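Trainee: This one is entry35.tsv, TSV, C-alpha atoms and all ligand atoms.
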chain	number	residue	atom	x	y	z
O	7	MET	CA	-37.67	29.70	33.01
O	8	ASP	CA	-36.52	33.08	34.27
O	9	LEU	CA	-38.25	35.96	32.48
O	10	ASP	CA	-34.81	37.37	31.71
O	11	ASP	CA	-34.02	34.32	29.60
O	12	LEU	CA	-36.58	35.52	27.07
O	13	ASN	CA	-34.19	38.37	26.28
O	14	PRO	CA	-36.68	41.10	25.41
O	15	GLY	CA	-33.77	42.86	23.73
O	16	ALA	CA	-32.62	46.34	23.22
O	17	LEU	CA	-36.01	47.51	21.93
O	18	MET	CA	-37.76	46.94	25.25
O	19	ARG	CA	-34.93	48.67	27.10
O	20	GLN	CA	-34.93	51.65	24.74
O	21	THR	CA	-38.74	51.94	24.99
O	22	LEU	CA	-38.69	51.89	28.78
O	23	LEU	CA	-35.86	54.39	28.96
O	24	GLY	CA	-37.82	56.63	26.56
O	25	MET	CA	-40.87	56.22	28.83
O	26	SER	CA	-38.80	57.24	31.86
O	27	ARG	CA	-38.62	60.76	30.38
O	28	ASN	CA	-42.16	60.98	29.00
O	29	GLU	CA	-44.03	63.61	31.02
O	30	GLN	CA	-47.57	62.61	29.92
O	31	LEU	CA	-47.04	58.97	30.74
O	32	ARG	CA	-45.43	59.99	33.99
O	33	SER	CA	-48.51	61.82	35.21
O	34	VAL	CA	-50.79	58.92	34.19
O	35	ILE	CA	-48.68	56.27	35.93
O	36	GLU	CA	-47.96	58.39	39.01
O	37	LYS	CA	-51.67	58.90	39.54
O	38	ALA	CA	-52.57	55.26	38.87
O	39	PRO	CA	-53.63	53.32	41.94
O	40	VAL	CA	-50.28	51.58	42.20
O	41	SER	CA	-50.03	49.17	45.05
O	42	ARG	CA	-47.79	50.59	47.76
O	43	ASP	CA	-45.93	47.27	47.71
O	44	VAL	CA	-44.83	47.80	44.11
O	45	VAL	CA	-43.17	51.10	44.83
O	46	ARG	CA	-41.99	50.06	48.28
O	47	ARG	CA	-39.91	47.22	46.92
O	48	PHE	CA	-37.52	49.71	45.28
O	49	VAL	CA	-38.30	53.00	47.05
O	50	GLY	CA	-37.86	53.67	50.77
O	51	GLY	CA	-41.15	55.54	51.18
O	52	THR	CA	-42.29	59.05	50.31
O	53	ALA	CA	-41.65	60.84	53.64
O	54	THR	CA	-38.53	61.45	55.74
O	55	HIS	CA	-39.71	59.32	58.67
O	56	GLU	CA	-40.35	56.37	56.31
O	57	VAL	CA	-36.88	56.41	54.77
O	58	MET	CA	-35.36	56.85	58.24
O	59	SER	CA	-37.01	53.64	59.35
O	60	VAL	CA	-35.78	51.77	56.22
O	61	ALA	CA	-32.26	53.10	56.85
O	62	SER	CA	-32.39	52.08	60.47
O	63	GLU	CA	-33.38	48.50	59.54
O	64	LEU	CA	-30.51	48.30	57.04
O	65	VAL	CA	-27.98	49.58	59.58
O	66	ASP	CA	-29.26	47.05	62.10
O	67	THR	CA	-28.34	44.32	59.61
O	68	ARG	CA	-24.75	45.59	59.20
O	69	ARG	CA	-25.39	47.46	55.99
O	70	LEU	CA	-24.39	51.04	55.22
O	71	VAL	CA	-26.82	53.32	53.41
O	72	THR	CA	-26.92	56.19	50.95
O	73	ILE	CA	-30.25	58.01	50.63
O	74	ASP	CA	-31.42	59.77	47.49
O	75	TYR	CA	-34.29	62.26	47.62
O	76	LEU	CA	-36.05	61.50	44.33
O	77	GLY	CA	-36.37	64.15	41.66
O	78	GLU	CA	-34.59	65.03	38.45
O	79	ASP	CA	-34.64	67.50	35.55
O	80	THR	CA	-36.17	70.19	37.74
O	81	ALA	CA	-37.57	73.01	35.59
O	82	ASP	CA	-38.55	75.24	38.51
O	83	PRO	CA	-36.10	77.08	40.84
O	84	ALA	CA	-38.56	76.75	43.77
O	85	MET	CA	-38.52	72.97	43.32
O	86	ALA	CA	-34.70	72.96	43.40
O	87	THR	CA	-34.85	74.91	46.67
O	88	ARG	CA	-37.39	72.46	48.10
O	89	THR	CA	-35.09	69.58	47.17
O	90	ARG	CA	-32.19	71.23	49.02
O	91	GLU	CA	-34.43	71.81	52.02
O	92	ALA	CA	-35.57	68.18	52.00
O	93	TYR	CA	-31.93	67.03	52.11
O	94	VAL	CA	-31.09	69.47	54.91
O	95	GLU	CA	-34.11	68.26	56.91
O	96	LEU	CA	-33.15	64.64	56.28
O	97	LEU	CA	-29.54	65.21	57.34
O	98	GLY	CA	-30.74	66.95	60.52
O	99	ALA	CA	-32.95	63.96	61.33
O	100	LEU	CA	-30.11	61.52	60.58
O	101	ALA	CA	-27.77	63.46	62.89
O	102	ALA	CA	-30.37	63.55	65.68
O	103	SER	CA	-30.93	59.79	65.42
O	104	GLY	CA	-27.20	59.01	65.30
O	105	LEU	CA	-27.61	57.18	61.97
O	106	SER	CA	-25.20	59.45	60.09
O	107	GLN	CA	-22.39	58.84	62.57
O	108	GLU	CA	-19.11	57.90	60.84
O	109	GLY	CA	-20.90	58.03	57.51
O	110	ALA	CA	-23.03	54.93	58.18
O	111	VAL	CA	-25.86	56.71	56.38
O	112	GLU	CA	-24.89	59.31	53.76
O	113	VAL	CA	-26.81	60.99	50.92
O	114	SER	CA	-26.64	60.84	47.12
O	115	LEU	CA	-27.91	63.68	44.98
O	116	LYS	CA	-28.67	64.53	41.38
O	117	LEU	CA	-27.56	67.96	40.24
O	118	SER	CA	-30.51	68.17	37.82
O	119	ALA	CA	-32.82	68.00	40.84
O	120	LEU	CA	-30.94	70.95	42.35
O	121	GLY	CA	-31.34	73.19	39.31
O	122	GLN	CA	-28.58	72.17	36.87
O	123	ALA	CA	-31.05	72.22	33.97
O	124	LEU	CA	-32.33	75.75	34.75
O	125	GLY	CA	-30.79	77.51	31.76
O	126	ARG	CA	-27.62	79.61	31.81
O	127	ASP	CA	-27.36	79.91	35.60
O	128	GLY	CA	-28.33	76.29	36.16
O	129	ASN	CA	-24.91	75.04	37.13
O	130	LYS	CA	-24.39	77.92	39.57
O	131	ILE	CA	-27.80	77.30	41.18
O	132	ALA	CA	-27.09	73.57	41.47
O	133	LEU	CA	-23.65	74.26	42.96
O	134	GLU	CA	-25.09	76.61	45.59
O	135	ASN	CA	-27.80	74.13	46.53
O	136	ALA	CA	-25.24	71.32	46.69
O	137	ARG	CA	-23.08	73.50	48.97
O	138	GLY	CA	-26.00	73.83	51.41
O	139	ILE	CA	-26.38	70.06	51.46
O	140	CYS	CA	-22.64	69.43	51.89
O	141	GLN	CA	-22.57	71.81	54.87
O	142	ALA	CA	-25.52	69.96	56.44
O	143	ALA	CA	-23.73	66.64	55.78
O	144	ALA	CA	-20.55	67.97	57.41
O	145	ASN	CA	-22.61	69.01	60.46
O	146	ALA	CA	-24.12	65.52	60.58
O	147	GLY	CA	-20.69	63.86	60.32
O	148	THR	CA	-21.37	62.17	57.01
O	149	THR	CA	-20.69	62.39	53.28
O	150	VAL	CA	-22.39	63.25	49.98
O	151	THR	CA	-22.06	61.51	46.61
O	152	LEU	CA	-23.03	63.18	43.32
O	153	ASP	CA	-25.03	60.85	41.08
O	154	MET	CA	-24.09	60.91	37.40
O	155	GLU	CA	-26.81	61.58	34.84
O	156	ASP	CA	-26.73	61.47	31.04
O	157	HIS	CA	-23.52	62.18	29.13
O	158	THR	CA	-24.46	65.80	28.31
O	159	THR	CA	-23.96	66.59	32.02
O	160	THR	CA	-20.76	64.63	32.75
O	161	ASP	CA	-18.31	67.55	32.40
O	162	LEU	CA	-20.57	69.92	34.35
O	163	THR	CA	-21.02	67.40	37.15
O	164	LEU	CA	-17.27	66.77	37.38
O	165	SER	CA	-16.65	70.52	37.52
O	166	VAL	CA	-19.17	70.88	40.39
O	167	LEU	CA	-17.45	67.93	42.09
O	168	HIS	CA	-14.11	69.72	41.76
O	169	ASP	CA	-15.54	72.92	43.29
O	170	LEU	CA	-17.23	71.12	46.17
O	171	ARG	CA	-14.09	69.13	46.96
O	172	GLN	CA	-12.19	72.36	47.63
O	173	ASP	CA	-14.21	72.64	50.86
O	174	TRP	CA	-15.36	69.06	51.37
O	175	PRO	CA	-12.77	66.63	49.95
O	176	TRP	CA	-15.00	63.69	50.89
O	177	VAL	CA	-17.64	64.49	48.23
O	178	GLY	CA	-17.99	61.35	46.12
O	179	ALA	CA	-18.28	60.99	42.34
O	180	VAL	CA	-20.10	58.46	40.18
O	181	LEU	CA	-18.54	57.19	36.93
O	182	GLN	CA	-20.33	55.03	34.34
O	183	SER	CA	-18.41	52.25	32.59
O	184	TYR	CA	-20.60	52.46	29.45
O	185	LEU	CA	-18.99	55.79	28.48
O	186	TYR	CA	-15.79	55.59	26.41
O	187	ARG	CA	-14.30	58.45	28.43
O	188	THR	CA	-14.60	56.73	31.81
O	189	GLU	CA	-11.23	54.94	31.92
O	190	GLN	CA	-9.55	58.35	31.70
O	191	ASP	CA	-11.94	59.82	34.29
O	192	CYS	CA	-11.01	56.93	36.62
O	193	ARG	CA	-7.32	57.75	36.20
O	194	ASP	CA	-8.02	61.42	36.96
O	195	LEU	CA	-10.09	60.63	40.04
O	196	ALA	CA	-8.03	57.77	41.55
O	197	THR	CA	-6.28	60.17	43.91
O	198	ALA	CA	-5.82	60.05	47.68
O	199	GLY	CA	-9.11	60.27	49.59
O	200	SER	CA	-11.20	60.39	46.40
O	201	ARG	CA	-14.46	58.44	46.77
O	202	VAL	CA	-15.54	57.06	43.39
O	203	ARG	CA	-18.68	54.98	42.81
O	204	LEU	CA	-18.33	52.91	39.64
O	205	CYS	CA	-21.55	51.76	37.95
O	206	LYS	CA	-22.40	50.52	34.45
O	207	GLY	CA	-24.68	53.46	33.62
O	208	THR	CA	-28.43	53.55	33.18
O	209	TYR	CA	-29.31	56.20	30.57
O	210	LYS	CA	-30.03	55.76	26.87
O	211	GLU	CA	-26.75	56.92	25.34
O	212	PRO	CA	-25.75	57.26	21.66
O	213	GLU	CA	-23.09	55.14	20.02
O	214	HIS	CA	-20.62	58.00	19.63
O	215	VAL	CA	-20.20	58.29	23.42
O	216	ALA	CA	-21.05	54.89	24.89
O	217	PHE	CA	-20.60	51.15	24.43
O	218	GLN	CA	-23.89	49.59	23.32
O	219	GLU	CA	-23.14	45.90	23.95
O	220	LYS	CA	-23.41	44.49	27.46
O	221	GLY	CA	-20.12	42.58	27.05
O	222	ASP	CA	-18.28	45.79	26.15
O	223	VAL	CA	-19.80	47.66	29.11
O	224	ASP	CA	-18.78	44.82	31.46
O	225	ARG	CA	-15.21	44.67	30.09
O	226	SER	CA	-14.93	48.44	30.46
O	227	TYR	CA	-16.18	48.06	34.06
O	228	VAL	CA	-13.33	45.65	34.82
O	229	ARG	CA	-10.70	47.96	33.26
O	230	CYS	CA	-12.07	50.94	35.23
O	231	LEU	CA	-12.25	48.95	38.45
O	232	LYS	CA	-8.63	47.87	38.03
O	233	ILE	CA	-7.57	51.52	37.76
O	234	LEU	CA	-9.58	52.49	40.85
O	235	MET	CA	-8.39	49.53	42.94
O	236	GLU	CA	-4.75	50.17	42.03
O	237	GLY	CA	-5.12	53.90	42.62
O	238	GLU	CA	-5.09	55.83	45.87
O	239	GLY	CA	-8.79	56.63	46.18
O	240	TYR	CA	-11.69	54.79	47.78
O	241	PRO	CA	-13.54	52.61	45.22
O	242	MET	CA	-17.27	52.05	45.62
O	243	VAL	CA	-18.26	49.02	43.54
O	244	ALA	CA	-21.88	49.68	42.53
O	245	THR	CA	-23.23	46.58	40.79
O	246	HIS	CA	-25.46	43.54	41.33
O	247	ASP	CA	-23.48	41.54	38.82
O	248	PRO	CA	-22.11	38.38	40.49
O	249	ARG	CA	-19.13	38.15	38.11
O	250	LEU	CA	-18.10	41.74	38.73
O	251	ILE	CA	-18.47	41.31	42.49
O	252	GLU	CA	-16.13	38.33	42.32
O	253	ILE	CA	-13.65	40.22	40.14
O	254	ALA	CA	-13.77	43.21	42.51
O	255	THR	CA	-12.88	40.95	45.43
O	256	VAL	CA	-9.87	39.55	43.53
O	257	LEU	CA	-8.70	43.00	42.36
O	258	ALA	CA	-8.99	44.43	45.89
O	259	ASP	CA	-6.94	41.55	47.22
O	260	LYS	CA	-4.27	42.00	44.54
O	261	ALA	CA	-4.08	45.71	45.35
O	262	GLN	CA	-3.70	44.76	49.03
O	263	ARG	CA	-6.87	46.53	50.03
O	264	GLY	CA	-8.49	45.42	53.27
O	265	ALA	CA	-12.23	45.26	53.90
O	266	GLU	CA	-12.20	48.90	55.05
O	267	ASP	CA	-10.51	50.17	51.89
O	268	PHE	CA	-13.40	49.83	49.44
O	269	GLU	CA	-17.11	49.05	49.50
O	270	PHE	CA	-19.83	47.28	47.55
O	271	GLN	CA	-23.04	49.11	46.75
O	272	MET	CA	-26.43	47.88	45.54
O	273	LEU	CA	-29.87	49.37	45.03
O	274	HIS	CA	-32.60	48.96	47.64
O	275	GLY	CA	-34.71	45.87	46.93
O	276	ILE	CA	-32.23	44.26	44.55
O	277	ARG	CA	-30.37	41.09	45.62
O	278	PRO	CA	-30.97	41.64	49.37
O	279	ASP	CA	-29.66	38.14	50.17
O	280	GLU	CA	-26.38	38.94	48.43
O	281	GLN	CA	-26.19	42.23	50.33
O	282	LEU	CA	-26.53	40.33	53.61
O	283	ARG	CA	-24.01	37.67	52.53
O	284	LEU	CA	-21.36	40.29	51.69
O	285	ALA	CA	-21.99	42.21	54.91
O	286	ALA	CA	-21.84	39.04	57.01
O	287	GLY	CA	-18.51	38.18	55.37
O	288	GLY	CA	-17.05	41.45	56.70
O	289	ALA	CA	-17.31	43.57	53.54
O	290	ARG	CA	-18.55	47.13	53.63
O	291	MET	CA	-21.92	46.93	51.87
O	292	ARG	CA	-23.91	50.11	51.17
O	293	VAL	CA	-27.52	50.19	49.97
O	294	TYR	CA	-28.80	53.06	47.81
O	295	VAL	CA	-32.28	53.96	49.06
O	296	PRO	CA	-34.33	56.46	47.06
O	297	TYR	CA	-37.38	58.10	48.63
O	298	GLY	CA	-39.90	60.83	47.87
O	299	GLU	CA	-42.91	61.42	45.65
O	300	GLU	CA	-40.95	61.59	42.38
O	301	TRP	CA	-40.36	57.87	41.99
O	302	TYR	CA	-41.47	57.51	38.35
O	303	GLY	CA	-38.18	58.08	36.41
O	304	TYR	CA	-36.22	56.00	38.90
O	305	LEU	CA	-38.63	53.09	38.76
O	306	MET	CA	-38.82	53.08	34.96
O	307	ARG	CA	-35.02	52.82	34.72
O	308	ARG	CA	-35.10	49.80	37.05
O	309	MET	CA	-37.79	48.25	34.79
O	310	ALA	CA	-35.57	48.81	31.73
O	311	GLU	CA	-32.72	46.97	33.42
O	312	ARG	CA	-34.67	43.85	34.23
O	313	PRO	CA	-37.90	42.64	32.61
O	314	ALA	CA	-38.71	40.53	35.70
O	315	ASN	CA	-39.12	43.84	37.55
O	316	LEU	CA	-41.55	44.98	34.83
O	317	GLY	CA	-43.75	41.92	35.38
O	318	PHE	CA	-43.86	42.68	39.10
O	319	PHE	CA	-44.78	46.31	38.41
O	320	LEU	CA	-47.53	45.52	35.86
O	321	ARG	CA	-49.06	42.83	38.10
O	322	GLY	CA	-49.16	45.41	40.90
O	323	LEU	CA	-50.87	47.96	38.67
O	324	ALA	CA	-53.41	45.43	37.39
O	325	SER	CA	-54.27	44.22	40.88
O	326	ARG	CA	-55.36	47.73	41.91
O	327	GLY	CA	-56.55	49.07	38.57
O	401	LIG	P1	-26.82	44.39	35.13
O	401	LIG	O1	-28.11	45.14	35.13
O	401	LIG	O2	-26.10	44.20	33.82
O	401	LIG	O3	-27.05	43.02	35.83
O	401	LIG	C1	-25.98	42.09	35.89
O	401	LIG	C2	-26.38	40.87	36.68
O	401	LIG	O4	-26.71	41.26	38.01
O	401	LIG	C3	-27.63	40.17	36.15
O	401	LIG	O5	-27.33	39.34	35.07
O	401	LIG	C4	-28.05	39.42	37.40
O	401	LIG	O6	-27.24	38.29	37.59
O	401	LIG	C5	-27.75	40.41	38.50
O	401	LIG	N1	-28.94	41.22	38.78
O	401	LIG	C6	-29.22	42.47	38.34
O	401	LIG	N2	-30.43	42.87	38.79
O	401	LIG	C7	-30.93	41.86	39.50
O	401	LIG	C8	-32.14	41.66	40.22
O	401	LIG	N3	-33.11	42.58	40.26
O	401	LIG	N4	-32.30	40.49	40.88
O	401	LIG	C9	-31.35	39.52	40.83
O	401	LIG	N5	-30.19	39.65	40.14
O	401	LIG	C10	-29.98	40.81	39.50
O	401	LIG	N6	-26.49	54.69	37.10
O	401	LIG	C11	-26.21	55.92	36.57
O	401	LIG	O7	-26.24	56.08	35.34
O	401	LIG	N7	-25.88	56.96	37.40
O	401	LIG	C12	-25.79	56.82	38.74
O	401	LIG	O8	-25.48	57.80	39.44
O	401	LIG	C13	-26.06	55.54	39.30
O	401	LIG	N8	-25.98	55.32	40.65
O	401	LIG	C14	-26.05	54.04	41.14
O	401	LIG	C15	-25.79	53.80	42.48
O	401	LIG	C16	-25.77	52.50	42.96
O	401	LIG	C17	-25.45	52.25	44.38
O	401	LIG	C18	-26.06	51.41	42.08
O	401	LIG	C19	-26.03	49.98	42.55
O	401	LIG	C20	-26.36	51.66	40.76
O	401	LIG	C21	-26.38	52.97	40.28
O	401	LIG	N9	-26.68	53.23	38.95
O	401	LIG	C22	-26.43	54.49	38.44
O	401	LIG	C23	-27.34	52.20	38.10
O	401	LIG	C24	-26.32	51.38	37.33
O	401	LIG	O9	-25.72	52.17	36.34
O	401	LIG	C25	-26.98	50.17	36.66
O	401	LIG	O10	-27.93	50.63	35.74
O	401	LIG	C26	-27.62	49.20	37.61
O	401	LIG	O11	-26.86	49.04	38.76
O	401	LIG	C27	-27.76	47.81	36.96
O	401	LIG	O12	-26.50	47.35	36.56
O	401	LIG	P2	-25.73	46.10	37.22
O	401	LIG	O13	-24.31	46.52	37.44
O	401	LIG	O14	-26.42	45.64	38.41
O	401	LIG	O15	-25.69	45.06	36.06
Please re-express this file's structure in structure tokens.
Ligand code: FDA

Mentor:
Amino acid sequence: MDLDDLNPGALMRQTLLGMSRNEQLRSVIEKAPVSRDVVRRFVGGTATHEVMSVASELVDTRRLVTIDYLGEDTADPAMATRTREAYVELLGALAASGLSQEGAVEVSLKLSALGQALGRDGNKIALENARGICQAAANAGTTVTLDMEDHTTTDLTLSVLHDLRQDWPWVGAVLQSYLYRTEQDCRDLATAGSRVRLCKGTYKEPEHVAFQEKGDVDRSYVRCLKILMEGEGYPMVATHDPRLIEIATVLADKAQRGAEDFEFQMLHGIRPDEQLRLAAGGARMRVYVPYGEEWYGYLMRRMAERPANLGFFLRGLASRG
């Protein structure tokens, strides 16, 4: 029996999502002698050269890549600056290796890692840092996508997106189908050249802003996808869900989109066989590869999504503990 069949329920998910933002637990788990294999399954290393080699392997197997330098909720301006510098260094290395050519490898970033949460000037600081990264991406011939965080940041993130697109119209957005507002956001963003990554959403959100039932989130995903596929933008279908992947293929066909007119996206380490199958069938398939020291919050959200991942993680901890 698959561990998922046990349905650990909403409680487990809520607990894990709560843990993802618990600072004390974070320092304990980050310092635990975690097997490198446990982290490596989902994270493309801690250093630039490690993620470059993961990206290169993915590109060699006909997959596209987006790289995320891990970090979020930065409370220190110097840390936000270091995050910008890490992206600029990464983009320089990607350009030098040729991996960023024609956007084969791009980057994804979280505005909270660039200073968005730093009080009154937070959004301005994040915007300036994001500008530095967009310029480096332009120099490297590739693109940037802004991750979407919890619902309290949605409007701010979309306003930064709007500002960045004045200079770099290729900056991509992420929308989350669990939010009630997202159908309207899809309509607003389904414009010519607009790159929109649609995902279900991974944060713990209250009932007044987000669907709580999986079925409702999935149905919202289909409605949003329909809007994006019928619109004029470039949809990026970010899911591992076999039903949604099938529906996306049908909707793209109906909207007369060719293989070049949209892409599938999945997280590093999740359903790699399906990634290869889609790529071999001629689809554009992009893999989201996070890297860096700050892997805790990211990994805990992956655990919350799938208890089988939790078993893998705990076994890894126990084997080294
Ligand atoms: P879900 O978790 O409901 O799984 C549906 C089905 O997919 C499962 O029933 C199973 O069949 C299959 N599946 C899922 N995981 C599997 C596994 N490990 N092995 C085998 N089968 C598996 N979120 C956010 O809030 N902001 C963001 O910016 C982003 N960015 C982002 C980028 C990209 C490229 C991706 C793929 C995802 C995100 N996310 C995100 C995360 C997203 O919101 C969501 O939490 C996860 O993708 C999990 O949702 P699924 O759509 O995969 O469905």

Trainee: Residues within 7 Å of (-22.8, 61.5, 44.5), file coordinates, counting all atoms listed in the file: what are they? Give the list as JSON, numbers by chain.

Mentor: {"O": [114, 115, 150, 151, 152, 153, 178, 179, 180]}

Trainee: With 6 Å added on each side, what axis-aligned box encloses every listed atom of range 307-310 of chain O? Give the centre and edge lengths in Å to one decimal, as lines of an AutoDock Vina configuration file.

Mentor:
center_x = -36.4
center_y = 50.5
center_z = 34.4
size_x = 14.8
size_y = 16.6
size_z = 17.3

Trainee: Produce as a VMD selection string the set of residues near ligand LIG 401 (chain O), where near means within 8 Å with all atoms listed in the file considered.

Mentor: chain O and resid 72 116 152 to 156 180 to 182 203 to 209 220 224 243 to 250 271 to 273 275 to 277 292 to 294 307 to 308 311 to 312 314 to 315

Trainee: Output C-alpha atoms of each residue in that selection to a file, as a PDB file, keeping the file's coordinate frame.

Mentor:
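Result went into selection_36.pdb, see below:
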ATOM      1  CA  THR O  72     -26.920  56.190  50.950  1.00  0.00           C
ATOM      2  CA  LYS O 116     -28.670  64.530  41.380  1.00  0.00           C
ATOM      3  CA  LEU O 152     -23.030  63.180  43.320  1.00  0.00           C
ATOM      4  CA  ASP O 153     -25.030  60.850  41.080  1.00  0.00           C
ATOM      5  CA  MET O 154     -24.090  60.910  37.400  1.00  0.00           C
ATOM      6  CA  GLU O 155     -26.810  61.580  34.840  1.00  0.00           C
ATOM      7  CA  ASP O 156     -26.730  61.470  31.040  1.00  0.00           C
ATOM      8  CA  VAL O 180     -20.100  58.460  40.180  1.00  0.00           C
ATOM      9  CA  LEU O 181     -18.540  57.190  36.930  1.00  0.00           C
ATOM     10  CA  GLN O 182     -20.330  55.030  34.340  1.00  0.00           C
ATOM     11  CA  ARG O 203     -18.680  54.980  42.810  1.00  0.00           C
ATOM     12  CA  LEU O 204     -18.330  52.910  39.640  1.00  0.00           C
ATOM     13  CA  CYS O 205     -21.550  51.760  37.950  1.00  0.00           C
ATOM     14  CA  LYS O 206     -22.400  50.520  34.450  1.00  0.00           C
ATOM     15  CA  GLY O 207     -24.680  53.460  33.620  1.00  0.00           C
ATOM     16  CA  THR O 208     -28.430  53.550  33.180  1.00  0.00           C
ATOM     17  CA  TYR O 209     -29.310  56.200  30.570  1.00  0.00           C
ATOM     18  CA  LYS O 220     -23.410  44.490  27.460  1.00  0.00           C
ATOM     19  CA  ASP O 224     -18.780  44.820  31.460  1.00  0.00           C
ATOM     20  CA  VAL O 243     -18.260  49.020  43.540  1.00  0.00           C
ATOM     21  CA  ALA O 244     -21.880  49.680  42.530  1.00  0.00           C
ATOM     22  CA  THR O 245     -23.230  46.580  40.790  1.00  0.00           C
ATOM     23  CA  HIS O 246     -25.460  43.540  41.330  1.00  0.00           C
ATOM     24  CA  ASP O 247     -23.480  41.540  38.820  1.00  0.00           C
ATOM     25  CA  PRO O 248     -22.110  38.380  40.490  1.00  0.00           C
ATOM     26  CA  ARG O 249     -19.130  38.150  38.110  1.00  0.00           C
ATOM     27  CA  LEU O 250     -18.100  41.740  38.730  1.00  0.00           C
ATOM     28  CA  GLN O 271     -23.040  49.110  46.750  1.00  0.00           C
ATOM     29  CA  MET O 272     -26.430  47.880  45.540  1.00  0.00           C
ATOM     30  CA  LEU O 273     -29.870  49.370  45.030  1.00  0.00           C
ATOM     31  CA  GLY O 275     -34.710  45.870  46.930  1.00  0.00           C
ATOM     32  CA  ILE O 276     -32.230  44.260  44.550  1.00  0.00           C
ATOM     33  CA  ARG O 277     -30.370  41.090  45.620  1.00  0.00           C
ATOM     34  CA  ARG O 292     -23.910  50.110  51.170  1.00  0.00           C
ATOM     35  CA  VAL O 293     -27.520  50.190  49.970  1.00  0.00           C
ATOM     36  CA  TYR O 294     -28.800  53.060  47.810  1.00  0.00           C
ATOM     37  CA  ARG O 307     -35.020  52.820  34.720  1.00  0.00           C
ATOM     38  CA  ARG O 308     -35.100  49.800  37.050  1.00  0.00           C
ATOM     39  CA  GLU O 311     -32.720  46.970  33.420  1.00  0.00           C
ATOM     40  CA  ARG O 312     -34.670  43.850  34.230  1.00  0.00           C
ATOM     41  CA  ALA O 314     -38.710  40.530  35.700  1.00  0.00           C
ATOM     42  CA  ASN O 315     -39.120  43.840  37.550  1.00  0.00           C
TER      43      ASN O 315
END

Trainee: Which residue out of O:Ile139, O:Met25, O:Cys230, O:Val111 has the minimum interatomic distance to Met58 in chain O when all atoms listed in the file are used?

Mentor: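 Checking each of O:Ile139, O:Met25, O:Cys230, O:Val111 against Met58 in chain O, counting all atoms listed in the file, the winner is O:Val111.
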
Trainee: Kindly provide the residues of range 254-319 of chain O that approach range 232-238 of chain O to within 12 Å, each paired with its closest atom pair and their distance in Å to one decimal, based on all atoms listed in the file, listed by chain and increasing number, as CSV.

Mentor:
residue,atom,partner,partner_atom,distance
O:Ala254,CA,O:Lys232,CA,8.3
O:Thr255,CA,O:Met235,CA,10.0
O:Val256,CA,O:Lys232,CA,10.1
O:Leu257,CA,O:Lys232,CA,6.5
O:Ala258,CA,O:Met235,CA,5.9
O:Asp259,CA,O:Met235,CA,9.2
O:Lys260,CA,O:Glu236,CA,8.6
O:Ala261,CA,O:Glu236,CA,5.6
O:Gln262,CA,O:Glu236,CA,8.9
O:Arg263,CA,O:Met235,CA,7.8
O:Gly264,CA,O:Met235,CA,11.1
O:Asp267,CA,O:Met235,CA,9.2
O:Phe268,CA,O:Met235,CA,8.2
O:Glu269,CA,O:Met235,CA,10.9
